[in-house]
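As stored in coords-v3.tsv (TSV, C-alpha atoms):
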chain	number	residue	atom	x	y	z
B	270	MET	CA	50.12	-31.27	-73.25
B	271	ASN	CA	49.42	-27.54	-73.03
B	272	LYS	CA	47.32	-28.11	-69.91
B	273	VAL	CA	50.21	-30.01	-68.31
B	274	LYS	CA	52.60	-27.17	-69.09
B	275	LYS	CA	50.21	-24.55	-67.73
B	276	ALA	CA	49.67	-26.57	-64.56
B	277	TYR	CA	53.42	-27.01	-64.14
B	278	ASN	CA	54.09	-23.32	-64.68
B	279	TRP	CA	51.35	-22.38	-62.22
B	280	PHE	CA	52.80	-24.71	-59.60
B	281	GLY	CA	56.29	-23.37	-60.24
B	282	SER	CA	55.15	-19.79	-59.68
B	283	LYS	CA	53.46	-20.81	-56.42
B	284	SER	CA	56.04	-23.40	-55.35
B	285	SER	CA	57.31	-21.36	-52.37
B	286	ILE	CA	53.78	-21.04	-50.99
B	287	ALA	CA	53.11	-24.74	-51.56
B	288	ALA	CA	56.39	-25.74	-49.89
B	289	PHE	CA	55.68	-23.58	-46.86
B	290	LEU	CA	52.14	-24.94	-46.49
B	291	LEU	CA	53.37	-28.54	-46.74
B	292	LEU	CA	56.02	-27.95	-44.07
B	293	PHE	CA	53.49	-26.12	-41.89
B	294	VAL	CA	50.96	-28.96	-42.12
B	295	PHE	CA	53.68	-31.53	-41.41
B	296	ALA	CA	54.91	-29.61	-38.36
B	297	SER	CA	51.34	-29.07	-37.12
B	298	ILE	CA	50.68	-32.82	-37.20
B	299	ALA	CA	54.08	-33.94	-35.93
B	300	PHE	CA	54.14	-31.53	-32.99
B	301	ALA	CA	50.45	-31.22	-32.22
B	302	ASP	CA	51.13	-32.28	-28.63
B	303	ARG	CA	53.61	-29.40	-28.19
B	304	SER	CA	51.29	-26.52	-29.14
B	305	PHE	CA	52.94	-25.82	-32.49
B	306	LEU	CA	49.77	-24.08	-33.67
B	307	SER	CA	49.59	-21.76	-30.67
B	308	ALA	CA	49.71	-18.03	-31.37
B	309	SER	CA	52.92	-17.61	-29.37
B	310	SER	CA	54.65	-20.43	-31.26
B	311	ILE	CA	53.73	-19.02	-34.67
B	312	GLU	CA	54.71	-15.50	-33.59
B	313	ASN	CA	58.11	-16.73	-32.39
B	314	MET	CA	58.67	-18.51	-35.69
B	315	VAL	CA	57.91	-15.42	-37.79
B	316	ARG	CA	59.87	-13.16	-35.43
B	317	LYS	CA	62.88	-15.43	-35.76
B	318	ALA	CA	62.46	-15.36	-39.53
B	319	ALA	CA	62.58	-11.58	-39.43
B	320	SER	CA	65.63	-11.34	-37.18
B	321	ASP	CA	67.65	-14.23	-38.67
B	322	GLY	CA	68.12	-13.06	-42.21
B	323	GLY	CA	64.69	-11.91	-43.36
B	324	PHE	CA	65.68	-8.32	-44.04
B	325	LEU	CA	68.93	-9.49	-45.65
B	326	ALA	CA	66.91	-11.61	-48.08
B	327	LEU	CA	64.74	-8.64	-49.11
B	328	GLY	CA	67.82	-6.58	-49.92
B	329	MET	CA	69.54	-9.50	-51.64
B	330	THR	CA	66.49	-9.93	-53.88
B	331	PHE	CA	67.12	-6.53	-55.48
B	332	VAL	CA	70.71	-7.48	-56.32
B	333	ILE	CA	69.82	-10.95	-57.63
B	334	LEU	CA	67.02	-9.55	-59.78
B	335	VAL	CA	69.51	-7.23	-61.45
B	336	GLY	CA	71.69	-10.26	-62.22
B	337	GLU	CA	74.39	-9.78	-59.58
B	338	ILE	CA	75.26	-11.05	-56.08
B	339	ASP	CA	76.30	-9.46	-52.77
B	340	LEU	CA	78.54	-11.40	-50.39
B	341	SER	CA	79.06	-8.45	-48.02
B	342	VAL	CA	75.58	-8.27	-46.45
B	343	GLY	CA	76.64	-10.14	-43.30
B	344	SER	CA	79.51	-7.76	-42.64
B	345	THR	CA	77.29	-4.76	-43.42
B	346	LEU	CA	74.80	-6.12	-40.90
B	347	ALA	CA	77.52	-6.23	-38.23
B	348	LEU	CA	78.69	-2.69	-39.03
B	349	GLY	CA	75.17	-1.27	-38.85
B	350	GLY	CA	74.51	-2.90	-35.49
B	351	VAL	CA	77.86	-1.84	-34.00
B	352	LEU	CA	77.49	1.80	-35.07
B	353	MET	CA	73.99	1.87	-33.65
B	354	GLY	CA	75.28	0.46	-30.36
B	355	MET	CA	78.22	2.85	-30.15
B	356	PHE	CA	76.34	6.08	-30.92
B	357	GLY	CA	72.82	5.17	-29.83
B	358	ALA	CA	73.38	4.88	-26.10
B	359	GLU	CA	72.53	8.55	-25.52
B	360	ASN	CA	70.92	9.43	-28.85
B	361	PRO	CA	69.08	6.46	-30.37
B	362	VAL	CA	68.02	8.42	-33.46
B	363	LEU	CA	71.64	9.29	-34.22
B	364	GLY	CA	72.72	5.68	-33.66
B	365	ILE	CA	70.07	4.27	-35.98
B	366	ALA	CA	70.75	6.93	-38.62
B	367	LEU	CA	74.50	6.29	-38.62
B	368	GLY	CA	73.96	2.54	-38.81
B	369	LEU	CA	71.62	2.83	-41.78
B	370	LEU	CA	73.77	5.43	-43.56
B	371	ALA	CA	76.77	3.14	-43.23
B	372	GLY	CA	74.80	0.39	-44.96
B	373	VAL	CA	73.71	2.77	-47.74
B	374	PHE	CA	77.31	3.89	-48.24
B	375	CYS	CA	78.67	0.33	-48.39
B	376	GLY	CA	75.98	-0.70	-50.85
B	377	PHE	CA	76.66	2.37	-52.98
B	378	VAL	CA	80.37	1.57	-53.11
B	379	ASN	CA	79.59	-2.02	-54.07
B	380	GLY	CA	77.40	-0.71	-56.87
B	381	LEU	CA	80.13	1.63	-58.11
B	382	MET	CA	82.69	-1.17	-58.18
B	383	VAL	CA	80.38	-3.48	-60.11
B	384	ALA	CA	78.69	-0.98	-62.44
B	385	LYS	CA	81.38	1.63	-63.08
B	386	MET	CA	84.67	-0.20	-62.45
B	387	ARG	CA	83.35	-3.39	-64.09
B	388	ILE	CA	84.65	-5.57	-61.26
B	389	SER	CA	82.93	-8.94	-60.92
B	390	SER	CA	80.25	-8.78	-58.23
B	391	TRP	CA	81.74	-11.86	-56.57
B	392	VAL	CA	85.18	-10.22	-56.29
B	393	ALA	CA	83.96	-6.73	-55.37
B	394	THR	CA	81.57	-7.83	-52.63
B	395	LEU	CA	84.00	-10.45	-51.31
B	396	ALA	CA	86.57	-7.67	-50.85
B	397	MET	CA	83.92	-5.54	-49.15
B	398	MET	CA	82.93	-8.44	-46.90
B	399	LEU	CA	86.49	-9.01	-45.70
B	400	GLY	CA	87.28	-5.32	-45.36
B	401	LEU	CA	84.13	-4.45	-43.40
B	402	ARG	CA	84.56	-7.39	-41.04
B	403	GLY	CA	88.07	-6.18	-40.30
B	404	VAL	CA	86.81	-2.64	-39.66
B	405	VAL	CA	84.11	-3.90	-37.28
B	406	LEU	CA	86.58	-6.04	-35.32
B	407	LEU	CA	89.02	-3.12	-35.18
B	408	ILE	CA	86.63	-0.45	-33.90
B	409	THR	CA	85.12	-2.81	-31.30
B	410	ASN	CA	88.40	-4.46	-30.30
B	411	LYS	CA	86.50	-7.75	-30.80
B	412	ARG	CA	84.19	-6.88	-27.90
B	413	PRO	CA	80.39	-6.72	-28.01
B	414	ILE	CA	78.74	-3.31	-27.62
B	415	PRO	CA	75.89	-3.26	-25.06
B	416	VAL	CA	72.55	-1.82	-26.20
B	417	ASN	CA	70.70	-0.56	-23.14
B	418	ASN	CA	68.75	2.45	-24.36
B	419	PRO	CA	65.02	1.79	-23.68
B	420	THR	CA	64.02	3.19	-27.08
B	421	LEU	CA	66.32	0.80	-28.91
B	422	THR	CA	65.38	-2.25	-26.86
B	423	ALA	CA	61.70	-1.43	-27.45
B	424	ILE	CA	62.33	-1.62	-31.18
B	425	GLY	CA	63.82	-5.07	-30.80
B	426	GLY	CA	61.26	-6.54	-28.42
B	427	GLY	CA	58.27	-4.21	-28.37
B	428	LYS	CA	54.84	-4.74	-29.91
B	429	ILE	CA	52.48	-2.79	-32.15
B	430	LEU	CA	48.80	-3.63	-31.62
B	431	GLY	CA	49.88	-6.85	-29.94
B	432	VAL	CA	52.23	-7.91	-32.77
B	433	ASN	CA	56.01	-7.99	-32.40
B	434	VAL	CA	57.72	-4.96	-33.94
B	435	LEU	CA	60.06	-7.12	-36.04
B	436	ILE	CA	57.11	-8.93	-37.65
B	437	VAL	CA	55.37	-5.65	-38.44
B	438	LEU	CA	58.54	-4.18	-39.94
B	439	LEU	CA	59.18	-7.30	-42.05
B	440	ALA	CA	55.63	-7.18	-43.42
B	441	VAL	CA	55.82	-3.44	-44.12
B	442	CYS	CA	59.22	-3.71	-45.80
B	443	THR	CA	58.01	-6.62	-47.94
B	444	LEU	CA	55.01	-4.58	-49.09
B	445	ILE	CA	57.24	-1.59	-49.88
B	446	CYS	CA	59.59	-3.80	-51.90
B	447	MET	CA	56.64	-5.31	-53.75
B	448	TYR	CA	55.38	-1.82	-54.61
B	449	ILE	CA	58.82	-0.70	-55.82
B	450	SER	CA	59.25	-3.76	-58.01
B	451	ARG	CA	55.79	-3.59	-59.57
B	452	ASN	CA	54.89	0.10	-59.77
B	453	THR	CA	58.06	2.15	-60.22
B	454	ARG	CA	60.48	2.78	-63.06
B	455	LEU	CA	63.28	1.55	-60.83
B	456	GLY	CA	61.60	-1.78	-60.23
B	457	MET	CA	60.76	-2.35	-63.88
B	458	GLY	CA	64.26	-1.28	-64.85
B	459	ILE	CA	65.83	-3.77	-62.43
B	460	TYR	CA	63.82	-6.61	-63.99
B	461	ALA	CA	64.79	-5.44	-67.48
B	462	VAL	CA	68.50	-5.26	-66.68
B	463	GLY	CA	68.49	-8.65	-64.97
B	464	GLY	CA	66.58	-10.23	-67.84
B	465	ASN	CA	68.75	-8.91	-70.66
B	466	GLU	CA	71.30	-6.20	-69.99
B	467	GLU	CA	72.08	-5.49	-73.64
B	468	ALA	CA	68.40	-5.17	-74.49
B	469	ALA	CA	67.95	-2.84	-71.52
B	470	LYS	CA	70.73	-0.60	-72.88
B	471	MET	CA	69.08	-0.54	-76.30
B	472	MET	CA	65.84	0.52	-74.60
B	473	GLY	CA	67.67	3.54	-73.19
B	474	LEU	CA	67.79	2.36	-69.58
B	475	ARG	CA	70.66	3.55	-67.39
B	476	VAL	CA	71.97	0.10	-66.51
B	477	ASP	CA	74.71	1.46	-64.24
B	478	ARG	CA	72.20	3.45	-62.21
B	479	MET	CA	69.93	0.43	-61.83
B	480	LYS	CA	72.76	-1.70	-60.49
B	481	ILE	CA	73.97	1.00	-58.12
B	482	ALA	CA	70.40	1.50	-56.84
B	483	ALA	CA	69.97	-2.24	-56.30
B	484	TYR	CA	73.19	-2.49	-54.30
B	485	THR	CA	72.36	0.63	-52.31
B	486	LEU	CA	68.97	-0.81	-51.31
B	487	CYS	CA	70.67	-4.08	-50.42
B	488	GLY	CA	73.11	-2.26	-48.14
B	489	LEU	CA	70.25	-0.35	-46.51
B	490	PHE	CA	68.36	-3.55	-45.69
B	491	ALA	CA	71.53	-5.23	-44.42
B	492	ALA	CA	72.21	-2.35	-42.04
B	493	LEU	CA	68.56	-2.34	-40.95
B	494	ALA	CA	68.90	-6.05	-40.15
B	495	GLY	CA	71.96	-5.28	-38.01
B	496	VAL	CA	70.22	-2.48	-36.13
B	497	LEU	CA	67.18	-4.66	-35.38
B	498	LEU	CA	69.27	-7.68	-34.40
B	499	ALA	CA	71.36	-5.64	-31.96
B	500	ALA	CA	68.20	-4.11	-30.49
B	501	ARG	CA	66.65	-7.56	-30.03
B	502	LEU	CA	69.73	-9.12	-28.42
B	503	TYR	CA	70.56	-6.02	-26.30
B	504	THR	CA	74.08	-6.18	-27.69
B	505	ALA	CA	75.88	-5.50	-30.97
B	506	GLN	CA	78.18	-8.41	-31.73
B	507	PRO	CA	81.17	-7.75	-34.04
B	508	THR	CA	80.77	-11.30	-35.37
B	509	ALA	CA	77.05	-10.91	-36.10
B	510	GLY	CA	75.90	-11.93	-39.56
B	511	ASP	CA	78.92	-14.13	-40.25
B	512	THR	CA	78.07	-16.37	-43.28
B	513	TRP	CA	74.46	-15.08	-43.25
B	514	GLU	CA	74.83	-14.10	-46.89
B	515	THR	CA	74.41	-17.77	-47.80
B	516	THR	CA	71.19	-17.93	-45.78
B	517	ALA	CA	69.88	-14.83	-47.56
B	518	ILE	CA	70.66	-16.31	-50.97
B	519	ALA	CA	68.97	-19.57	-49.96
B	520	MET	CA	65.86	-17.67	-48.88
B	521	CYS	CA	65.71	-15.95	-52.26
B	522	ALA	CA	66.20	-19.21	-54.15
B	523	LEU	CA	63.53	-21.00	-52.13
B	524	GLY	CA	61.24	-18.06	-52.82
B	525	GLY	CA	61.53	-18.61	-56.58
B	526	VAL	CA	63.91	-15.74	-57.35
B	527	LYS	CA	65.96	-16.82	-60.35
B	528	LEU	CA	69.64	-16.56	-59.42
B	529	SER	CA	70.65	-15.53	-62.94
B	530	GLY	CA	68.43	-12.45	-62.62
B	531	GLY	CA	65.33	-10.96	-64.14
B	532	GLU	CA	62.70	-13.23	-62.58
B	533	GLY	CA	61.20	-13.50	-59.12
B	534	LYS	CA	58.91	-11.76	-56.70
B	535	PHE	CA	59.32	-10.29	-53.24
B	536	SER	CA	56.24	-12.16	-52.12
B	537	GLY	CA	58.14	-15.33	-53.04
B	538	THR	CA	61.15	-14.17	-51.03
B	539	PHE	CA	58.85	-13.63	-48.06
B	540	PHE	CA	57.73	-17.25	-48.20
B	541	GLY	CA	61.33	-18.33	-48.73
B	542	ILE	CA	62.13	-16.57	-45.45
B	543	LEU	CA	59.30	-18.46	-43.75
B	544	ILE	CA	60.46	-21.78	-45.21
B	545	ILE	CA	63.92	-21.42	-43.68
B	546	SER	CA	62.37	-20.40	-40.36
B	547	ILE	CA	59.94	-23.33	-40.23
B	548	ILE	CA	62.75	-25.77	-41.06
B	549	ASN	CA	64.75	-24.36	-38.15
B	550	THR	CA	61.68	-24.64	-35.93
B	551	ILE	CA	61.07	-28.27	-36.92
B	552	PHE	CA	64.65	-29.22	-36.06
B	553	ASN	CA	64.42	-27.35	-32.75
B	554	TYR	CA	61.22	-29.20	-31.87
B	555	ALA	CA	62.67	-32.55	-32.96
B	556	GLY	CA	65.66	-32.10	-30.69
B	557	SER	CA	67.14	-35.55	-31.28
B	558	LEU	CA	68.12	-34.88	-34.91
B	559	ASN	CA	71.71	-33.88	-35.58
B	560	SER	CA	71.88	-30.20	-36.56
B	561	TRP	CA	73.99	-31.15	-39.58
B	562	TRP	CA	70.88	-32.62	-41.15
B	563	GLN	CA	69.42	-29.12	-41.12
B	564	ASN	CA	72.03	-27.90	-43.59
B	565	ILE	CA	71.57	-31.01	-45.73
B	566	VAL	CA	67.81	-30.47	-45.94
B	567	MET	CA	68.24	-26.79	-46.82
B	568	GLY	CA	70.80	-27.64	-49.49
B	569	VAL	CA	68.49	-30.21	-51.07
B	570	LEU	CA	65.56	-27.78	-51.03
B	571	VAL	CA	67.65	-25.08	-52.71
B	572	LEU	CA	68.71	-27.51	-55.44
B	573	ILE	CA	65.10	-28.56	-55.99
B	574	SER	CA	64.01	-24.93	-56.11
B	575	ILE	CA	66.64	-24.05	-58.71
B	576	GLY	CA	65.65	-27.13	-60.73
B	577	VAL	CA	62.01	-26.07	-60.70
B	578	GLN	CA	62.98	-22.57	-61.79
B	579	SER	CA	64.94	-23.83	-64.78
B	580	GLU	CA	62.15	-26.10	-65.94
B	581	VAL	CA	59.52	-23.37	-65.54
B	582	PHE	CA	61.70	-20.98	-67.50
B	583	HIS	CA	62.14	-23.57	-70.22
B	584	PHE	CA	58.39	-24.14	-70.53
B	585	LYS	CA	57.66	-20.42	-70.55
B	586	LYS	CA	60.17	-19.81	-73.29
B	587	LYS	CA	58.73	-22.67	-75.29
B	588	ASP	CA	55.20	-21.41	-74.81
B	589	LYS	CA	56.17	-17.94	-76.00
B	590	SER	CA	57.88	-19.30	-79.11
B	591	GLU	CA	54.80	-21.39	-79.86
B	592	GLU	CA	52.56	-18.35	-79.51
B	593	LYS	CA	54.72	-16.37	-81.94
B	594	ALA	CA	54.67	-19.24	-84.42
B	595	GLU	CA	50.89	-19.45	-84.19
B	596	GLN	CA	50.55	-15.70	-84.72
B	597	ALA	CA	52.85	-15.81	-87.72
B	598	ALA	CA	50.85	-18.68	-89.21
In structure tokens, what does this structure look like?
Amino acid sequence: MNKVKKAYNWFGSKSSIAAFLLLFVFASIAFADRSFLSASSIENMVRKAASDGGFLALGMTFVILVGEIDLSVGSTLALGGVLMGMFGAENPVLGIALGLLAGVFCGFVNGLMVAKMRISSWVATLAMMLGLRGVVLLITNKRPIPVNNPTLTAIGGGKILGVNVLIVLLAVCTLICMYISRNTRLGMGIYAVGGNEEAAKMMGLRVDRMKIAAYTLCGLFAALAGVLLAARLYTAQPTAGDTWETTAIAMCALGGVKLSGGEGKFSGTFFGILIISIINTIFNYAGSLNSWWQNIVMGVLVLISIGVQSEVFHFKKKDKSEEKAEQAA
């Protein structure tokens, strides 16, 4: 029985990798005649993963790990892209800086509302989502902002050593997030707060600071996503990122990040990002399938992922209690 539990727990911890590999093998076989395995096809798939919510998912992971949620990332994405487009035409550095600072500020305010004002994260970030979207529509007059500066467009479509800039940035950001979560006091504190907030307080951790830091990082990544999306599309759309917060949450869930907080890895989120992208790619290649099935499949996968998480958690808890009992005996 112990071997079964260990095997199940091992599979649960690697479920996002296994799911991605299964989908990849299926797509490779099903669309072998359409060059699915070509370098350009794979690059386009990963690039789309990066631009269509990948950076949002990385930021959302920080907030979920701390046991909260952020519904405002889509609106923050739009604000970051619009500010970059408005101020980056003549000075791209200024445009990017303002876009990112806006995201940091919005995330910081979210953190203050949740940590200091004790407002539910659902209510606080919902208010931020609605307010920011209104601000973006107001300052743009509902019109897209063109992004024509060569420096900015190079960021969105350029290459580094033959690899698309967006792919490189997604990989680098994932590695940075992994380092923060594993090797810094902030990362360990975020896990502790998400796992048991009261215990974290008894350990002397500044729970409020951890939550504010998590939301600030989330806002930064959301704004970065908006800047990169606007640079890739050559335009900053005021409606960009609408409902993308659900996609980001789905990516985290598929990556094995426990939605109640305290458990999950950024490497898992990375594969969750790829899973969403490969599902989109499969439906695009299929062509004849109704796009509504895409949402159904994603919903089912999220439910399965959450079910696996709960069972893994149950086994782990049981294993730990058994170990303590054995030690006591």
Go through segment 500-567 of chain B and flag each residue having an atom no more than 8 Å from segment 434-443 of chain B; for those, report the closest pair of atoms plus their distance in Å to one decimal, using only C-alpha atoms, ordered by chain and rising number, as a tab-separated table.
residue	atom	partner	partner_atom	distance
B:Phe535	CA	B:Thr443	CA	6.6
B:Ser536	CA	B:Thr443	CA	7.2
B:Phe539	CA	B:Thr443	CA	7.1
ask   = Separation of atom CA of Lys385 of chain B and atom CA of Glu337 of chain B, in Å?
value =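 Result for atom CA of Lys385 of chain B versus atom CA of Glu337 of chain B: 13.8 Å, one decimal.
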Residues of segment 359-423 of chain B that have any atom at most 12 Å from an atom of segment 506-518 of chain B: could you tabulate them with the shortest-distance atom pair and the distance in Å to one decimal, using only C-alpha atoms, ordered by chain and increasing number, as CSV?
residue,atom,partner,partner_atom,distance
B:Thr394,CA,B:Glu514,CA,10.8
B:Leu395,CA,B:Glu514,CA,10.8
B:Met398,CA,B:Asp511,CA,9.6
B:Leu399,CA,B:Asp511,CA,10.6
B:Leu401,CA,B:Pro507,CA,10.4
B:Arg402,CA,B:Pro507,CA,7.8
B:Gly403,CA,B:Pro507,CA,9.4
B:Val404,CA,B:Pro507,CA,9.5
B:Val405,CA,B:Pro507,CA,5.8
B:Leu406,CA,B:Pro507,CA,5.8
B:Leu407,CA,B:Pro507,CA,9.2
B:Ile408,CA,B:Pro507,CA,9.1
B:Thr409,CA,B:Pro507,CA,6.9
B:Asn410,CA,B:Pro507,CA,8.8
B:Lys411,CA,B:Pro507,CA,6.2
B:Arg412,CA,B:Pro507,CA,6.9
B:Pro413,CA,B:Gln506,CA,4.6
B:Ile414,CA,B:Gln506,CA,6.6
B:Pro415,CA,B:Gln506,CA,8.7
B:Val416,CA,B:Gln506,CA,10.3
task = Between atom CA of Gly380 of chain B and atom CA of Leu528 of chain B, measure the distance and give it in Å to one decimal.
result = 17.8 Å
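Atom CA of Leu498 of chain B sits 17.1 Å away from atom CA of Val432 of chain B.
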key: Shortest interatomic distance to Gly425 of chain B - which of B:Val392, B:Ala494, B:Ala483, B:Val373, counting all atoms listed in the file   = B:Ala494
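Across B:Tyr460, B:Phe540, B:Phe490, B:Phe377, the tightest approach to Ile333 of chain B is made by B:Tyr460 when counting only C-alpha atoms.
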request  = Tell me, as a PyMOL selection string, which residues lie within 8 Å of Leu367 of chain B, counting all atoms listed in the file; anything in the same chain fewer than 3 positions away does not count.
outcome  = chain B and resi 349+352-353+356+363-364+370-371
Take the selection from the previous step and output its residues with C-alpha atoms, as a compact mmCIF listing (two decimals), in the coordinates of the input.
# COMPACT_ATOMS: atom_id res chain seq x y z
CA GLY B 349 75.17 -1.27 -38.85
CA LEU B 352 77.49 1.80 -35.07
CA MET B 353 73.99 1.87 -33.65
CA PHE B 356 76.34 6.08 -30.92
CA LEU B 363 71.64 9.29 -34.22
CA GLY B 364 72.72 5.68 -33.66
CA LEU B 370 73.77 5.43 -43.56
CA ALA B 371 76.77 3.14 -43.23
note = Min atom-atom distance to Cys375 of chain B from the set B:Thr485, B:Ser304, B:Ser297, B:Ser450, counting all atoms listed in the file, belongs to B:Thr485
message = Please determine, counting only C-alpha atoms, which residue among B:Asn465, B:Thr538, B:Asn360, B:Thr422 has the shortest atom-to-atom distance to Met447 of chain B.
response =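 For Met447 of chain B, the nearest of the candidates is B:Thr538.
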key: For Ala301 of chain B, the nearest of the candidates B:Leu325, B:Val332, B:Ile551, B:Ala384, counting all atoms listed in the file   =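 Going through B:Leu325, B:Val332, B:Ile551, B:Ala384 one by one, the smallest distance to Ala301 of chain B is for B:Ile551.
Distances from B:Met314, B:Val526, B:Ile481, B:Leu381 to Tyr554 of chain B were compared using only C-alpha atoms, and the smallest one belongs to B:Met314.
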Can you pull segment 491-512 of chain B out of that block with N, CA and C atoms and hand it back as an mmCIF file, in the first residue's frame?
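Dumped to part.cif:
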data_model
loop_
_atom_site.group_PDB
_atom_site.id
_atom_site.type_symbol
_atom_site.label_atom_id
_atom_site.label_comp_id
_atom_site.auth_asym_id
_atom_site.auth_seq_id
_atom_site.Cartn_x
_atom_site.Cartn_y
_atom_site.Cartn_z
ATOM 1 N N ALA B 491 1.936 41.308 -14.429
ATOM 2 C CA ALA B 491 0.777 41.645 -15.254
ATOM 3 C C ALA B 491 1.098 42.812 -16.188
ATOM 4 N N ALA B 492 1.762 43.835 -15.646
ATOM 5 C CA ALA B 492 2.144 44.984 -16.470
ATOM 6 C C ALA B 492 3.163 44.574 -17.525
ATOM 7 N N LEU B 493 4.111 43.708 -17.148
ATOM 8 C CA LEU B 493 5.091 43.210 -18.110
ATOM 9 C C LEU B 493 4.385 42.481 -19.257
ATOM 10 N N ALA B 494 3.370 41.686 -18.917
ATOM 11 C CA ALA B 494 2.601 40.990 -19.946
ATOM 12 C C ALA B 494 1.940 41.981 -20.901
ATOM 13 N N GLY B 495 1.418 43.089 -20.352
ATOM 14 C CA GLY B 495 0.786 44.102 -21.194
ATOM 15 C C GLY B 495 1.770 44.803 -22.105
ATOM 16 N N VAL B 496 2.944 45.125 -21.578
ATOM 17 C CA VAL B 496 3.991 45.766 -22.376
ATOM 18 C C VAL B 496 4.409 44.868 -23.540
ATOM 19 N N LEU B 497 4.632 43.584 -23.241
ATOM 20 C CA LEU B 497 5.094 42.649 -24.273
ATOM 21 C C LEU B 497 3.996 42.360 -25.301
ATOM 22 N N LEU B 498 2.761 42.278 -24.841
ATOM 23 C CA LEU B 498 1.657 42.023 -25.773
ATOM 24 C C LEU B 498 1.485 43.189 -26.732
ATOM 25 N N ALA B 499 1.539 44.411 -26.209
ATOM 26 C CA ALA B 499 1.409 45.593 -27.067
ATOM 27 C C ALA B 499 2.564 45.676 -28.064
ATOM 28 N N ALA B 500 3.764 45.325 -27.606
ATOM 29 C CA ALA B 500 4.924 45.351 -28.496
ATOM 30 C C ALA B 500 4.796 44.299 -29.598
ATOM 31 N N ARG B 501 4.212 43.148 -29.271
ATOM 32 C CA ARG B 501 4.062 42.085 -30.269
ATOM 33 C C ARG B 501 2.991 42.407 -31.291
ATOM 34 N N LEU B 502 1.910 43.041 -30.836
ATOM 35 C CA LEU B 502 0.773 43.337 -31.727
ATOM 36 C C LEU B 502 0.897 44.699 -32.410
ATOM 37 N N TYR B 503 1.936 45.466 -32.063
ATOM 38 C CA TYR B 503 2.144 46.818 -32.609
ATOM 39 C C TYR B 503 1.014 47.777 -32.224
ATOM 40 N N THR B 504 0.268 47.432 -31.224
ATOM 41 C CA THR B 504 -0.813 48.297 -30.761
ATOM 42 C C THR B 504 -1.199 47.926 -29.335
ATOM 43 N N ALA B 505 -1.553 48.932 -28.545
ATOM 44 C CA ALA B 505 -2.009 48.709 -27.177
ATOM 45 C C ALA B 505 -3.525 48.833 -27.158
ATOM 46 N N GLN B 506 -4.194 47.712 -26.964
ATOM 47 C CA GLN B 506 -5.650 47.691 -26.985
ATOM 48 C C GLN B 506 -6.203 47.954 -25.581
ATOM 49 N N PRO B 507 -7.155 48.887 -25.441
ATOM 50 C CA PRO B 507 -7.743 49.136 -24.113
ATOM 51 C C PRO B 507 -8.541 47.945 -23.584
ATOM 52 N N THR B 508 -8.938 47.033 -24.470
ATOM 53 C CA THR B 508 -9.681 45.849 -24.038
ATOM 54 C C THR B 508 -8.786 44.628 -23.853
ATOM 55 N N ALA B 509 -7.487 44.808 -23.994
ATOM 56 C CA ALA B 509 -6.553 43.680 -23.866
ATOM 57 C C ALA B 509 -6.639 43.065 -22.478
ATOM 58 N N GLY B 510 -6.497 41.746 -22.423
ATOM 59 C CA GLY B 510 -6.475 41.054 -21.140
ATOM 60 C C GLY B 510 -7.834 40.830 -20.514
ATOM 61 N N ASP B 511 -8.915 41.162 -21.219
ATOM 62 C CA ASP B 511 -10.253 40.994 -20.660
ATOM 63 C C ASP B 511 -10.527 39.512 -20.397
ATOM 64 N N THR B 512 -10.854 39.174 -19.154
ATOM 65 C CA THR B 512 -11.130 37.808 -18.666
ATOM 66 C C THR B 512 -9.889 36.911 -18.659
#
